[in-house]
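Reproduced below: query_16.cif, with mmCIF, C-alpha atoms and all ligand atoms.
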data_upload
#
loop_
_atom_site.label_atom_id
_atom_site.label_comp_id
_atom_site.auth_asym_id
_atom_site.auth_seq_id
_atom_site.Cartn_x
_atom_site.Cartn_y
_atom_site.Cartn_z
CA MET J 1 16.68 -118.07 -44.37
CA LYS J 2 16.91 -114.32 -44.70
CA LEU J 3 18.44 -112.51 -41.76
CA VAL J 4 16.09 -109.81 -40.64
CA ASN J 5 17.38 -106.70 -38.92
CA LYS J 6 15.03 -104.69 -36.81
CA ILE J 7 15.70 -101.00 -36.71
CA PRO J 8 15.85 -99.57 -33.20
CA ILE J 9 13.83 -96.43 -32.57
CA TRP J 10 13.57 -93.54 -30.12
CA PHE J 11 12.67 -89.87 -30.44
CA MET J 12 14.60 -86.82 -29.35
CA ARG J 13 12.49 -85.09 -26.66
CA GLN J 14 10.42 -88.24 -26.27
CA ALA J 15 9.90 -87.28 -22.61
CA GLY J 16 8.09 -84.00 -22.95
CA ARG J 17 5.15 -81.74 -23.53
CA TYR J 18 3.32 -83.71 -26.27
CA LEU J 19 2.62 -86.43 -23.67
CA PRO J 20 -0.52 -85.94 -21.52
CA GLU J 21 1.06 -87.88 -18.65
CA TYR J 22 4.06 -85.51 -18.71
CA MET J 23 1.79 -82.46 -18.77
CA GLU J 24 -0.09 -83.77 -15.80
CA LEU J 25 3.03 -84.25 -13.74
CA ARG J 26 4.38 -80.91 -14.93
CA SER J 27 1.21 -79.05 -13.91
CA LYS J 28 1.88 -80.10 -10.32
CA ASN J 29 5.57 -79.13 -10.51
CA SER J 30 6.06 -75.59 -11.73
CA ASP J 31 9.83 -75.52 -11.25
CA PHE J 32 11.36 -77.37 -14.22
CA LEU J 33 14.88 -77.60 -12.77
CA LYS J 34 13.55 -78.96 -9.50
CA LEU J 35 11.84 -81.67 -11.53
CA CYS J 36 15.17 -82.50 -13.20
CA PHE J 37 16.75 -82.85 -9.74
CA ASP J 38 14.05 -85.12 -8.30
CA PRO J 39 15.21 -88.70 -9.00
CA ASP J 40 11.81 -90.31 -8.44
CA LEU J 41 9.93 -87.91 -10.70
CA ALA J 42 12.68 -87.59 -13.30
CA SER J 43 12.97 -91.37 -13.62
CA GLU J 44 9.19 -91.66 -13.87
CA ILE J 45 9.16 -89.09 -16.71
CA SER J 46 12.04 -90.86 -18.50
CA LEU J 47 9.99 -94.06 -18.45
CA GLN J 48 6.68 -92.50 -19.59
CA PRO J 49 7.41 -92.82 -23.33
CA ILE J 50 8.76 -96.36 -22.84
CA LYS J 51 5.62 -97.49 -21.04
CA ARG J 52 3.40 -95.93 -23.69
CA PHE J 53 5.32 -96.87 -26.86
CA ASP J 54 7.84 -99.58 -25.87
CA LEU J 55 10.69 -97.62 -27.50
CA ASP J 56 14.19 -99.13 -27.62
CA PHE J 57 16.03 -96.36 -25.79
CA ILE J 58 15.37 -94.63 -22.49
CA ILE J 59 16.75 -91.08 -22.39
CA LEU J 60 17.46 -89.45 -19.07
CA PHE J 61 14.98 -86.69 -18.25
CA SER J 62 17.09 -83.60 -17.58
CA ASP J 63 18.33 -80.64 -19.62
CA ILE J 64 21.58 -79.43 -21.14
CA LEU J 65 21.29 -76.22 -19.06
CA VAL J 66 22.01 -77.99 -15.77
CA ILE J 67 25.67 -77.32 -16.59
CA PRO J 68 25.39 -73.49 -16.47
CA HIS J 69 23.44 -74.00 -13.23
CA ALA J 70 26.26 -76.18 -11.86
CA LEU J 71 28.76 -73.45 -12.84
CA GLY J 72 26.92 -70.94 -10.68
CA GLN J 73 24.90 -69.13 -13.35
CA GLU J 74 21.29 -68.32 -12.62
CA VAL J 75 19.06 -70.51 -14.84
CA LYS J 76 15.26 -70.41 -14.88
CA PHE J 77 12.64 -71.95 -17.14
CA LEU J 78 9.68 -69.64 -17.63
CA LYS J 79 6.27 -70.88 -18.67
CA ASN J 80 5.69 -70.51 -22.43
CA HIS J 81 9.04 -68.82 -22.83
CA GLY J 82 11.78 -71.40 -22.39
CA PRO J 83 15.06 -70.92 -20.56
CA LEU J 84 16.19 -67.61 -19.09
CA LEU J 85 19.78 -67.23 -17.90
CA LYS J 86 21.55 -64.27 -16.37
CA CYS J 87 23.90 -63.44 -19.29
CA ILE J 88 27.63 -63.75 -18.82
CA THR J 89 30.43 -62.01 -20.71
CA SER J 90 33.39 -63.32 -18.74
CA LYS J 91 34.37 -66.35 -16.71
CA ARG J 92 34.50 -64.01 -13.70
CA ASP J 93 30.70 -63.86 -13.94
CA LEU J 94 30.61 -67.52 -12.98
CA ASN J 95 30.69 -68.79 -9.47
CA TYR J 96 32.91 -71.73 -10.36
CA ALA J 97 35.05 -72.96 -7.49
CA SER J 98 35.85 -76.57 -8.41
CA LEU J 99 34.64 -79.38 -10.60
CA ASN J 100 33.55 -81.50 -7.68
CA LYS J 101 31.66 -78.71 -5.94
CA SER J 102 29.86 -77.86 -9.17
CA LEU J 103 28.91 -81.45 -9.87
CA ASP J 104 27.70 -81.89 -6.30
CA LYS J 105 24.94 -79.38 -7.11
CA ILE J 106 23.56 -81.65 -9.81
CA SER J 107 24.44 -85.03 -8.32
CA ASN J 108 20.78 -86.03 -7.99
CA ILE J 109 20.87 -86.64 -11.74
CA PHE J 110 23.18 -89.59 -11.08
CA GLU J 111 20.58 -91.00 -8.69
CA THR J 112 17.98 -90.77 -11.50
CA LEU J 113 20.28 -92.78 -13.76
CA LYS J 114 20.83 -95.42 -11.07
CA ILE J 115 17.06 -95.88 -10.75
CA LEU J 116 16.72 -96.12 -14.54
CA HIS J 117 19.61 -98.56 -14.76
CA ALA J 118 17.88 -100.82 -12.24
CA LYS J 119 14.64 -100.69 -14.22
CA LYS J 120 15.86 -100.69 -17.80
CA ARG J 121 15.57 -104.43 -18.60
CA LYS J 122 16.61 -104.84 -22.24
CA LYS J 123 16.42 -101.16 -23.16
CA ASN J 124 19.44 -98.96 -23.77
CA LEU J 125 19.91 -96.07 -21.37
CA ILE J 126 21.08 -92.74 -22.80
CA GLY J 127 22.75 -90.03 -20.75
CA PHE J 128 23.59 -86.69 -22.34
CA CYS J 129 25.01 -83.22 -22.15
CA GLY J 130 25.05 -80.18 -24.42
CA GLY J 131 27.96 -79.59 -26.77
CA PRO J 132 30.29 -77.00 -25.21
CA PHE J 133 29.58 -74.32 -27.83
CA THR J 134 25.81 -74.83 -27.55
CA VAL J 135 25.99 -74.47 -23.78
CA LEU J 136 28.17 -71.34 -24.16
CA ASN J 137 25.61 -69.97 -26.62
CA TYR J 138 22.83 -70.15 -23.99
CA MET J 139 25.13 -68.74 -21.29
CA VAL J 140 26.02 -65.70 -23.39
CA GLU J 141 22.66 -65.14 -25.10
CA GLY J 142 20.72 -65.65 -21.85
CA GLY J 143 18.19 -67.92 -23.57
CA THR J 144 16.99 -68.93 -27.00
CA SER J 145 18.03 -66.31 -29.53
CA LYS J 146 16.84 -65.65 -33.07
CA THR J 147 19.89 -63.74 -34.26
CA HIS J 148 22.65 -65.17 -32.02
CA SER J 149 24.32 -61.78 -32.33
CA LYS J 150 25.77 -61.79 -28.78
CA ILE J 151 27.54 -65.13 -29.15
CA LYS J 152 28.84 -64.30 -32.64
CA THR J 153 30.28 -60.98 -31.46
CA PHE J 154 31.65 -62.56 -28.30
CA ILE J 155 33.71 -65.22 -30.07
CA LYS J 156 34.99 -62.69 -32.62
CA ASP J 157 35.91 -59.92 -30.18
CA ASN J 158 36.84 -62.00 -27.14
CA LYS J 159 38.20 -65.21 -28.58
CA ASN J 160 40.52 -65.89 -25.64
CA GLU J 161 37.79 -65.42 -23.06
CA ALA J 162 35.39 -67.60 -25.11
CA THR J 163 38.09 -70.28 -25.40
CA ASP J 164 38.65 -70.20 -21.64
CA ILE J 165 34.96 -70.63 -20.87
CA ILE J 166 34.63 -73.42 -23.47
CA LYS J 167 37.53 -75.17 -21.70
CA ILE J 168 35.67 -75.02 -18.40
CA ILE J 169 32.45 -76.30 -19.98
CA THR J 170 34.32 -79.11 -21.76
CA GLU J 171 36.10 -80.15 -18.60
CA ILE J 172 32.96 -80.26 -16.46
CA SER J 173 30.97 -81.99 -19.24
CA ILE J 174 33.55 -84.78 -19.45
CA GLU J 175 33.45 -85.39 -15.71
CA TYR J 176 29.64 -85.14 -15.78
CA LEU J 177 29.43 -87.76 -18.55
CA LYS J 178 31.88 -90.07 -16.77
CA ARG J 179 29.67 -90.00 -13.69
CA GLN J 180 26.60 -90.67 -15.85
CA ILE J 181 28.39 -93.71 -17.26
CA LYS J 182 29.34 -94.88 -13.75
CA SER J 183 25.66 -94.51 -12.80
CA GLY J 184 24.48 -96.76 -15.63
CA ALA J 185 24.31 -94.89 -18.98
CA ASP J 186 25.05 -97.25 -21.93
CA TYR J 187 25.07 -94.45 -24.50
CA ILE J 188 25.81 -90.76 -24.20
CA GLN J 189 24.60 -88.13 -26.64
CA ILE J 190 26.24 -84.75 -27.06
CA PHE J 191 23.71 -82.21 -28.32
CA GLU J 192 25.69 -79.60 -30.26
CA SER J 193 22.44 -77.99 -31.38
CA TRP J 194 23.97 -74.73 -32.60
CA ALA J 195 26.99 -76.14 -34.49
CA GLY J 196 25.49 -74.73 -37.69
CA LEU J 197 26.21 -71.16 -36.58
CA LEU J 198 29.93 -71.58 -37.19
CA GLU J 199 32.15 -72.03 -40.23
CA LYS J 200 35.82 -72.61 -41.06
CA GLU J 201 38.30 -71.78 -38.28
CA GLU J 202 35.56 -71.07 -35.74
CA TYR J 203 33.96 -74.46 -36.48
CA ILE J 204 37.34 -76.14 -35.91
CA ASP J 205 38.12 -74.26 -32.69
CA PHE J 206 34.69 -74.24 -31.05
CA ILE J 207 32.98 -77.34 -32.44
CA ILE J 208 35.58 -79.89 -33.54
CA LYS J 209 38.21 -79.46 -30.81
CA PRO J 210 35.94 -79.61 -27.74
CA ASN J 211 33.90 -82.53 -29.14
CA GLN J 212 37.12 -84.33 -30.04
CA GLN J 213 38.33 -83.93 -26.47
CA ILE J 214 35.05 -85.23 -25.05
CA SER J 215 35.10 -88.30 -27.31
CA GLU J 216 38.72 -89.14 -26.65
CA GLU J 217 38.46 -88.84 -22.89
CA ILE J 218 35.19 -90.76 -22.71
CA LYS J 219 36.52 -93.60 -24.88
CA GLU J 220 39.63 -93.76 -22.74
CA PHE J 221 37.45 -93.94 -19.62
CA SER J 222 34.96 -96.48 -20.97
CA LYS J 223 35.54 -98.01 -24.38
CA ASN J 224 32.20 -99.86 -24.37
CA THR J 225 30.07 -96.76 -23.93
CA LYS J 226 28.56 -95.70 -27.25
CA ILE J 227 28.93 -92.04 -28.16
CA ILE J 228 26.24 -90.29 -30.21
CA HIS J 229 27.22 -86.93 -31.66
CA PHE J 230 24.67 -84.44 -32.95
CA PRO J 231 26.37 -81.47 -34.60
CA ARG J 232 23.05 -80.06 -35.76
CA GLY J 233 22.98 -77.83 -38.82
CA SER J 234 26.57 -78.61 -39.79
CA ARG J 235 25.83 -78.97 -43.54
CA LYS J 236 29.09 -79.82 -45.35
CA ASN J 237 30.92 -79.71 -42.03
CA TYR J 238 29.23 -82.99 -41.07
CA LYS J 239 32.03 -84.53 -43.15
CA THR J 240 34.73 -82.64 -41.24
CA PHE J 241 33.08 -83.74 -38.00
CA ALA J 242 32.97 -87.40 -39.07
CA GLU J 243 36.65 -87.22 -40.11
CA GLU J 244 37.88 -85.57 -36.93
CA VAL J 245 35.69 -86.72 -34.03
CA LYS J 246 35.34 -90.33 -32.84
CA CYS J 247 31.66 -91.29 -33.03
CA ASP J 248 29.79 -94.54 -32.74
CA VAL J 249 26.59 -92.90 -33.91
CA MET J 250 26.01 -89.65 -35.77
CA SER J 251 22.60 -88.03 -35.47
CA LEU J 252 21.63 -86.23 -38.65
CA ASP J 253 19.29 -83.33 -39.28
CA LEU J 254 18.10 -82.27 -42.73
CA THR J 255 21.27 -80.38 -43.72
CA TYR J 256 23.71 -83.26 -44.14
CA PRO J 257 25.48 -83.61 -47.52
CA LYS J 258 24.19 -86.49 -49.65
CA GLU J 259 27.50 -88.33 -49.76
CA LEU J 260 27.63 -88.54 -45.94
CA PRO J 261 25.75 -91.86 -45.42
CA SER J 262 28.27 -93.79 -47.53
CA ILE J 263 31.17 -92.12 -45.70
CA LEU J 264 29.62 -93.10 -42.36
CA ARG J 265 29.06 -96.65 -43.60
CA GLU J 266 32.74 -96.99 -44.52
CA LYS J 267 33.77 -95.71 -41.12
CA GLY J 268 31.41 -98.07 -39.29
CA ILE J 269 29.43 -95.16 -37.83
CA THR J 270 25.70 -95.76 -37.26
CA VAL J 271 23.29 -93.16 -38.64
CA GLN J 272 20.62 -91.78 -36.32
CA GLY J 273 17.71 -89.81 -37.70
CA ASN J 274 16.19 -88.04 -39.45
CA LEU J 275 12.42 -87.59 -39.92
CA ASP J 276 11.47 -83.90 -39.85
CA PRO J 277 9.41 -83.32 -36.65
CA GLN J 278 7.23 -80.88 -38.64
CA GLU J 279 5.94 -83.91 -40.58
CA LEU J 280 4.41 -85.23 -37.37
CA LEU J 281 2.07 -82.25 -37.26
CA LYS J 282 0.50 -83.35 -40.57
CA ASP J 283 -1.98 -86.12 -41.36
CA GLY J 284 -1.29 -89.82 -40.89
CA GLU J 285 -0.88 -91.01 -44.47
CA ARG J 286 1.88 -88.55 -45.21
CA VAL J 287 3.58 -89.54 -41.94
CA GLU J 288 3.75 -93.15 -43.13
CA GLU J 289 5.19 -92.12 -46.47
CA LYS J 290 7.81 -89.85 -44.93
CA THR J 291 8.81 -92.51 -42.40
CA LYS J 292 9.33 -95.04 -45.22
CA GLU J 293 11.40 -92.50 -47.13
CA VAL J 294 13.77 -92.19 -44.16
CA LEU J 295 14.00 -95.97 -43.79
CA ASP J 296 14.78 -96.41 -47.48
CA LYS J 297 17.33 -93.61 -47.48
CA PHE J 298 19.41 -95.29 -44.79
CA LYS J 299 18.73 -98.94 -45.64
CA LYS J 300 22.39 -99.62 -46.42
CA ASN J 301 23.52 -98.05 -43.14
CA ASN J 302 23.36 -99.24 -39.60
CA HIS J 303 20.45 -97.09 -38.57
CA ILE J 304 18.74 -95.92 -35.39
CA PHE J 305 15.43 -94.34 -36.34
CA ASN J 306 14.87 -90.86 -34.89
CA LEU J 307 13.89 -87.32 -35.86
CA SER J 308 16.01 -84.49 -37.25
CA HIS J 309 15.27 -82.50 -34.05
CA GLY J 310 13.04 -82.83 -30.98
CA ILE J 311 9.33 -83.76 -30.97
CA LEU J 312 7.20 -80.60 -31.08
CA PRO J 313 4.67 -80.03 -28.26
CA LYS J 314 1.66 -80.09 -30.65
CA THR J 315 2.52 -83.56 -32.02
CA LYS J 316 -0.34 -86.05 -31.99
CA ILE J 317 0.23 -89.32 -30.15
CA SER J 318 -1.41 -91.19 -33.05
CA ASN J 319 1.29 -89.95 -35.41
CA ILE J 320 4.04 -91.18 -33.11
CA GLU J 321 2.29 -94.56 -33.03
CA LYS J 322 2.15 -94.59 -36.85
CA VAL J 323 5.87 -93.94 -37.17
CA ILE J 324 6.67 -96.71 -34.70
CA LYS J 325 4.45 -99.19 -36.53
CA VAL J 326 6.03 -98.43 -39.91
CA VAL J 327 9.53 -98.81 -38.44
CA ARG J 328 8.66 -102.06 -36.64
CA ASP J 329 7.10 -103.52 -39.80
CA TYR J 330 10.03 -102.57 -41.99
CA GLU J 331 12.42 -105.42 -42.62
CA THR J 332 15.89 -105.03 -44.00
CA SER J 333 18.31 -107.74 -44.94
CA LYS J 334 21.78 -106.31 -45.05
O1 LIG Q 401 14.88 -85.89 -24.97
C1 LIG Q 401 14.29 -86.08 -23.89
O2 LIG Q 401 13.12 -86.45 -23.81
C2 LIG Q 401 15.09 -85.91 -22.62
C3 LIG Q 401 15.07 -84.64 -21.99
C4 LIG Q 401 15.65 -83.40 -22.67
C5 LIG Q 401 15.10 -82.11 -22.42
N1 LIG Q 401 15.91 -81.19 -23.02
C6 LIG Q 401 13.90 -81.84 -21.62
C7 LIG Q 401 13.21 -80.55 -21.76
C8 LIG Q 401 16.76 -83.23 -23.50
C9 LIG Q 401 17.68 -84.29 -24.12
C10 LIG Q 401 16.93 -81.83 -23.70
C11 LIG Q 401 18.02 -81.25 -24.48
C12 LIG Q 401 18.06 -79.80 -24.73
N2 LIG Q 401 17.63 -78.79 -23.91
C13 LIG Q 401 18.65 -79.22 -25.88
C14 LIG Q 401 19.33 -79.97 -27.00
C15 LIG Q 401 18.37 -80.51 -28.00
C16 LIG Q 401 17.71 -79.45 -28.83
O3 LIG Q 401 16.47 -79.32 -28.67
O4 LIG Q 401 18.38 -78.79 -29.61
C17 LIG Q 401 18.51 -77.82 -25.75
C18 LIG Q 401 18.99 -76.78 -26.75
C19 LIG Q 401 17.88 -77.56 -24.50
C20 LIG Q 401 17.55 -76.22 -23.90
C21 LIG Q 401 16.10 -76.05 -23.68
N3 LIG Q 401 15.38 -76.73 -22.72
C22 LIG Q 401 15.20 -75.20 -24.37
C23 LIG Q 401 15.61 -74.28 -25.50
C24 LIG Q 401 13.93 -75.38 -23.81
C25 LIG Q 401 12.65 -74.64 -24.14
C26 LIG Q 401 12.11 -74.92 -25.44
C27 LIG Q 401 11.63 -76.34 -25.62
O5 LIG Q 401 11.99 -76.97 -26.61
O6 LIG Q 401 10.85 -76.81 -24.77
C28 LIG Q 401 14.05 -76.38 -22.80
C29 LIG Q 401 12.96 -76.90 -21.96
C30 LIG Q 401 12.78 -78.36 -21.90
N4 LIG Q 401 13.74 -79.29 -21.85
C31 LIG Q 401 11.51 -79.02 -21.82
C32 LIG Q 401 11.78 -80.39 -21.73
C33 LIG Q 401 10.79 -81.51 -21.58
C34 LIG Q 401 10.14 -78.35 -21.77
C35 LIG Q 401 9.99 -77.79 -20.41
C36 LIG Q 401 8.59 -77.69 -19.94
O7 LIG Q 401 8.03 -78.71 -19.49
O8 LIG Q 401 8.08 -76.58 -19.96
#
Could you rewrite the structure in this file as structure tokens?
Amino acid sequence: MKLVNKIPIWFMRQAGRYLPEYMELRSKNSDFLKLCFDPDLASEISLQPIKRFDLDFIILFSDILVIPHALGQEVKFLKNHGPLLKCITSKRDLNYASLNKSLDKISNIFETLKILHAKKRKKNLIGFCGGPFTVLNYMVEGGTSKTHSKIKTFIKDNKNEATDIIKIITEISIEYLKRQIKSGADYIQIFESWAGLLEKEEYIDFIIKPNQQISEEIKEFSKNTKIIHFPRGSRKNYKTFAEEVKCDVMSLDLTYPKELPSILREKGITVQGNLDPQELLKDGERVEEKTKEVLDKFKKNNHIFNLSHGILPKTKISNIEKVIKVVRDYETSK
């Protein structure tokens, strides 16, 4: 008999604005951060995509920008604009007294995870944080930037200050993740969404080193917790990342070098990814084709099906359903 492997599937940003049930809840709760800190509502939102699609992973509903909030920076989410932070240029701009005091401000998130842990049945529960450089990027830019000129200048002209702040972010992120694990997370994902902005020495200092520290300390704390790294946009540096940072799973966008899947296979690292979320805005037939292409591309790898970045708000539910059906019907025999 042929052994059949089913490919697990979830979507980055699966709990979000493309879902009518999310939009309904959101319309009654105008303060996004407050929603993240309400364990009953946040757990309900985390479970919305599971109830609708029966996905294999539950991801905590929260945001990577709860860490700047915990560090005393003003963080707001404006309607149709995204995040707005009061820019910092020095660690003195932060109101950071101690790790424990900072984490106390966001401790409701651990309550959300405990609720999800109690309800997860056979699903895997994912906790997460932002990669330290990505979090620093938002803290310095004050929001989503097109040019990233502030962060680029900051790390060039004030390398020591940037390194100090990265150390603080790394330290609090590690403690934050440990408490997520204690509260029931089986997997943790580190979203280093802006890794692609850096090259060479800066990539080593600001991407590799902090992520290495996170992985090492988390594995030491809990060797059974699976770590998913997502150094988005890393291009050839995906290889450097895979060489240097302990990962159980590497989430890939569209920029990875073509030899990477075989390198990951040799290292026993699972591939996560990588359907382009733009494809989900197109018609159904093409969605099926593109989904199959991704499945075929990674058929020799251990694979968790996902996107190359988050689901876009205009995505049709029927396209998500198509992708799931194609993945569920696909059979591999490794
Ligand atoms: O994936 C999930 O479903 C879990 C929840 C989750 C959110 N944000 C909820 C959210 C996760 C894992 C994140 C991660 C996150 N947040 C990242 C890393 C992944 C990536 O997209 O690169 C980043 C960079 C952020 C920061 C952030 N939060 C931005 C730039 C924005 C605005 C733009 C956007 O994509 O919506 C947010 C807002 C946000 N975070 C929303 C949600 C559901 C939309 C808020 C709303 O309801 O208005």
Within 8 Å of ligand LIG 401 (chain Q), counting only C-alpha atoms and all ligand atoms: which residues, as a PyMOL selection string?
-> chain J and resi 11-17+22-23+26+32+46+59-65+77-83+128-130+134-135+143-144+191-194+232+309-310+312-313
Find the spatial neighbours of Met250 of chain J, counting only C-alpha atoms, within a cut-off of 7 Å - ignore same-chain residues fewer than 5 positions away - and output them as a PyMOL selection string.
-> chain J and resi 228-230+269-272
Which residues, written as a list in words, have at least one atom at most 8 Å from Asp164 of chain J, with all atoms listed in the file counted and residues fewer than 4 positions away on the same chain left out?
->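 In the requested format, the answer is Lys91, Asn160 and Ile168 of chain J.
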Counting only C-alpha atoms, select every polymer residue within 12 Å of (14.2, -102.2, -22.1) as defined in the file's coordinates, and provide the selection as JSON, numbers by chain.
-> {"J": [8, 9, 10, 47, 49, 50, 51, 53, 54, 55, 56, 57, 58, 59, 116, 117, 118, 119, 120, 121, 122, 123, 124, 125, 126, 186]}
Non-local contacts of Lys314 of chain J (12 Å; only C-alpha atoms; under 3 positions in same chain excluded) as a tab-separated table (two decimals) with C-alpha atoms, in the frame of the given file:
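Produced file around-v4.tsv, reproduced below:
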chain	number	residue	atom	x	y	z
J	16	GLY	CA	8.09	-84.00	-22.95
J	17	ARG	CA	5.15	-81.74	-23.53
J	18	TYR	CA	3.32	-83.71	-26.27
J	19	LEU	CA	2.62	-86.43	-23.67
J	20	PRO	CA	-0.52	-85.94	-21.52
J	277	PRO	CA	9.41	-83.32	-36.65
J	278	GLN	CA	7.23	-80.88	-38.64
J	279	GLU	CA	5.94	-83.91	-40.58
J	280	LEU	CA	4.41	-85.23	-37.37
J	281	LEU	CA	2.07	-82.25	-37.26
J	282	LYS	CA	0.50	-83.35	-40.57
J	310	GLY	CA	13.04	-82.83	-30.98
J	311	ILE	CA	9.33	-83.76	-30.97
J	317	ILE	CA	0.23	-89.32	-30.15
J	318	SER	CA	-1.41	-91.19	-33.05
J	319	ASN	CA	1.29	-89.95	-35.41
J	320	ILE	CA	4.04	-91.18	-33.11
Please provide as a ChimeraX atom specification all residues within 10 Å of Asp253 of chain J, with the sequence filter that same-chain residues fewer than 4 positions apart are discarded (counting all atoms listed in the file).
-> /J:230-235,272-276,306-309
What is the distance between atom CA of Ile324 of chain J and atom CA of Glu259 of chain J, in Å to one decimal?
->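 Computing it gives 27.0 Å between the two atoms.
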List as a PyMOL selection string: which residues have an atom within 12 Å of (26.8, -69.1, -39.3), counting all atoms listed in the file?
-> chain J and resi 147-149+151-153+194-203+233-235+237
Between atom CA of Val323 of chain J and atom CA of Tyr187 of chain J, distance in Å (one decimal) |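 If I compute the distance from atom CA of Val323 of chain J to atom CA of Tyr187 of chain J, I get 23.0 Å.
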Distance in Å - atom CA of Leu252 of chain J versus atom CA of Ile181 of chain J =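 Between these atoms lies a distance of 23.6 Å.
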If we count only C-alpha atoms, what is near Leu136 of chain J at a cut-off of 9 Å, once residues fewer than 6 positions away on the same chain are taken out, given as a PyMOL selection string?
-> chain J and resi 68+151+162+165-166+169
Selected residue of minimal separation from Gly131 of chain J among J:Leu35, J:Ile214, J:Leu41, J:Leu103, counting all atoms listed in the file =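 Result for the nearest residue to Gly131 of chain J: J:Ile214.
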Closest of J:Glu217, J:Asn211, J:Thr225, J:Asp296 to Ala242 of chain J - atom-to-atom distances counting all atoms listed in the file = J:Asn211
Starting from the incomplete input, reconstruct N, CA and C atoms of segment 35-47 of chain J and report them as a PDB file, keeping the file's coordinate frame.
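Result written to out_17.pdb:
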ATOM      1  N   LEU J  35      12.304 -80.393 -10.985  1.00  0.00           N
ATOM      2  CA  LEU J  35      11.840 -81.670 -11.530  1.00  0.00           C
ATOM      3  C   LEU J  35      13.047 -82.494 -12.034  1.00  0.00           C
ATOM      4  N   CYS J  36      13.966 -81.811 -12.706  1.00  0.00           N
ATOM      5  CA  CYS J  36      15.170 -82.500 -13.200  1.00  0.00           C
ATOM      6  C   CYS J  36      16.001 -83.070 -12.041  1.00  0.00           C
ATOM      7  N   PHE J  37      15.918 -82.420 -10.869  1.00  0.00           N
ATOM      8  CA  PHE J  37      16.750 -82.850  -9.740  1.00  0.00           C
ATOM      9  C   PHE J  37      15.987 -83.736  -8.758  1.00  0.00           C
ATOM     10  N   ASP J  38      14.820 -84.209  -9.159  1.00  0.00           N
ATOM     11  CA  ASP J  38      14.050 -85.120  -8.300  1.00  0.00           C
ATOM     12  C   ASP J  38      14.129 -86.527  -8.913  1.00  0.00           C
ATOM     13  N   PRO J  39      14.976 -87.395  -8.355  1.00  0.00           N
ATOM     14  CA  PRO J  39      15.210 -88.700  -9.000  1.00  0.00           C
ATOM     15  C   PRO J  39      13.957 -89.541  -9.208  1.00  0.00           C
ATOM     16  N   ASP J  40      13.014 -89.491  -8.260  1.00  0.00           N
ATOM     17  CA  ASP J  40      11.810 -90.310  -8.440  1.00  0.00           C
ATOM     18  C   ASP J  40      10.971 -89.804  -9.601  1.00  0.00           C
ATOM     19  N   LEU J  41      10.748 -88.474  -9.621  1.00  0.00           N
ATOM     20  CA  LEU J  41       9.930 -87.910 -10.700  1.00  0.00           C
ATOM     21  C   LEU J  41      10.652 -87.944 -12.040  1.00  0.00           C
ATOM     22  N   ALA J  42      11.933 -87.605 -12.034  1.00  0.00           N
ATOM     23  CA  ALA J  42      12.680 -87.590 -13.300  1.00  0.00           C
ATOM     24  C   ALA J  42      12.756 -88.994 -13.909  1.00  0.00           C
ATOM     25  N   SER J  43      12.912 -90.011 -13.052  1.00  0.00           N
ATOM     26  CA  SER J  43      12.970 -91.370 -13.620  1.00  0.00           C
ATOM     27  C   SER J  43      11.589 -91.776 -14.122  1.00  0.00           C
ATOM     28  N   GLU J  44      10.554 -91.353 -13.399  1.00  0.00           N
ATOM     29  CA  GLU J  44       9.190 -91.660 -13.870  1.00  0.00           C
ATOM     30  C   GLU J  44       8.951 -91.032 -15.255  1.00  0.00           C
ATOM     31  N   ILE J  45       9.360 -89.768 -15.412  1.00  0.00           N
ATOM     32  CA  ILE J  45       9.160 -89.090 -16.710  1.00  0.00           C
ATOM     33  C   ILE J  45       9.974 -89.775 -17.817  1.00  0.00           C
ATOM     34  N   SER J  46      11.211 -90.160 -17.490  1.00  0.00           N
ATOM     35  CA  SER J  46      12.040 -90.860 -18.500  1.00  0.00           C
ATOM     36  C   SER J  46      11.359 -92.127 -18.998  1.00  0.00           C
ATOM     37  N   LEU J  47      10.609 -92.780 -18.084  1.00  0.00           N
ATOM     38  CA  LEU J  47       9.990 -94.060 -18.450  1.00  0.00           C
ATOM     39  C   LEU J  47       8.615 -93.900 -19.101  1.00  0.00           C
TER      40      LEU J  47
END
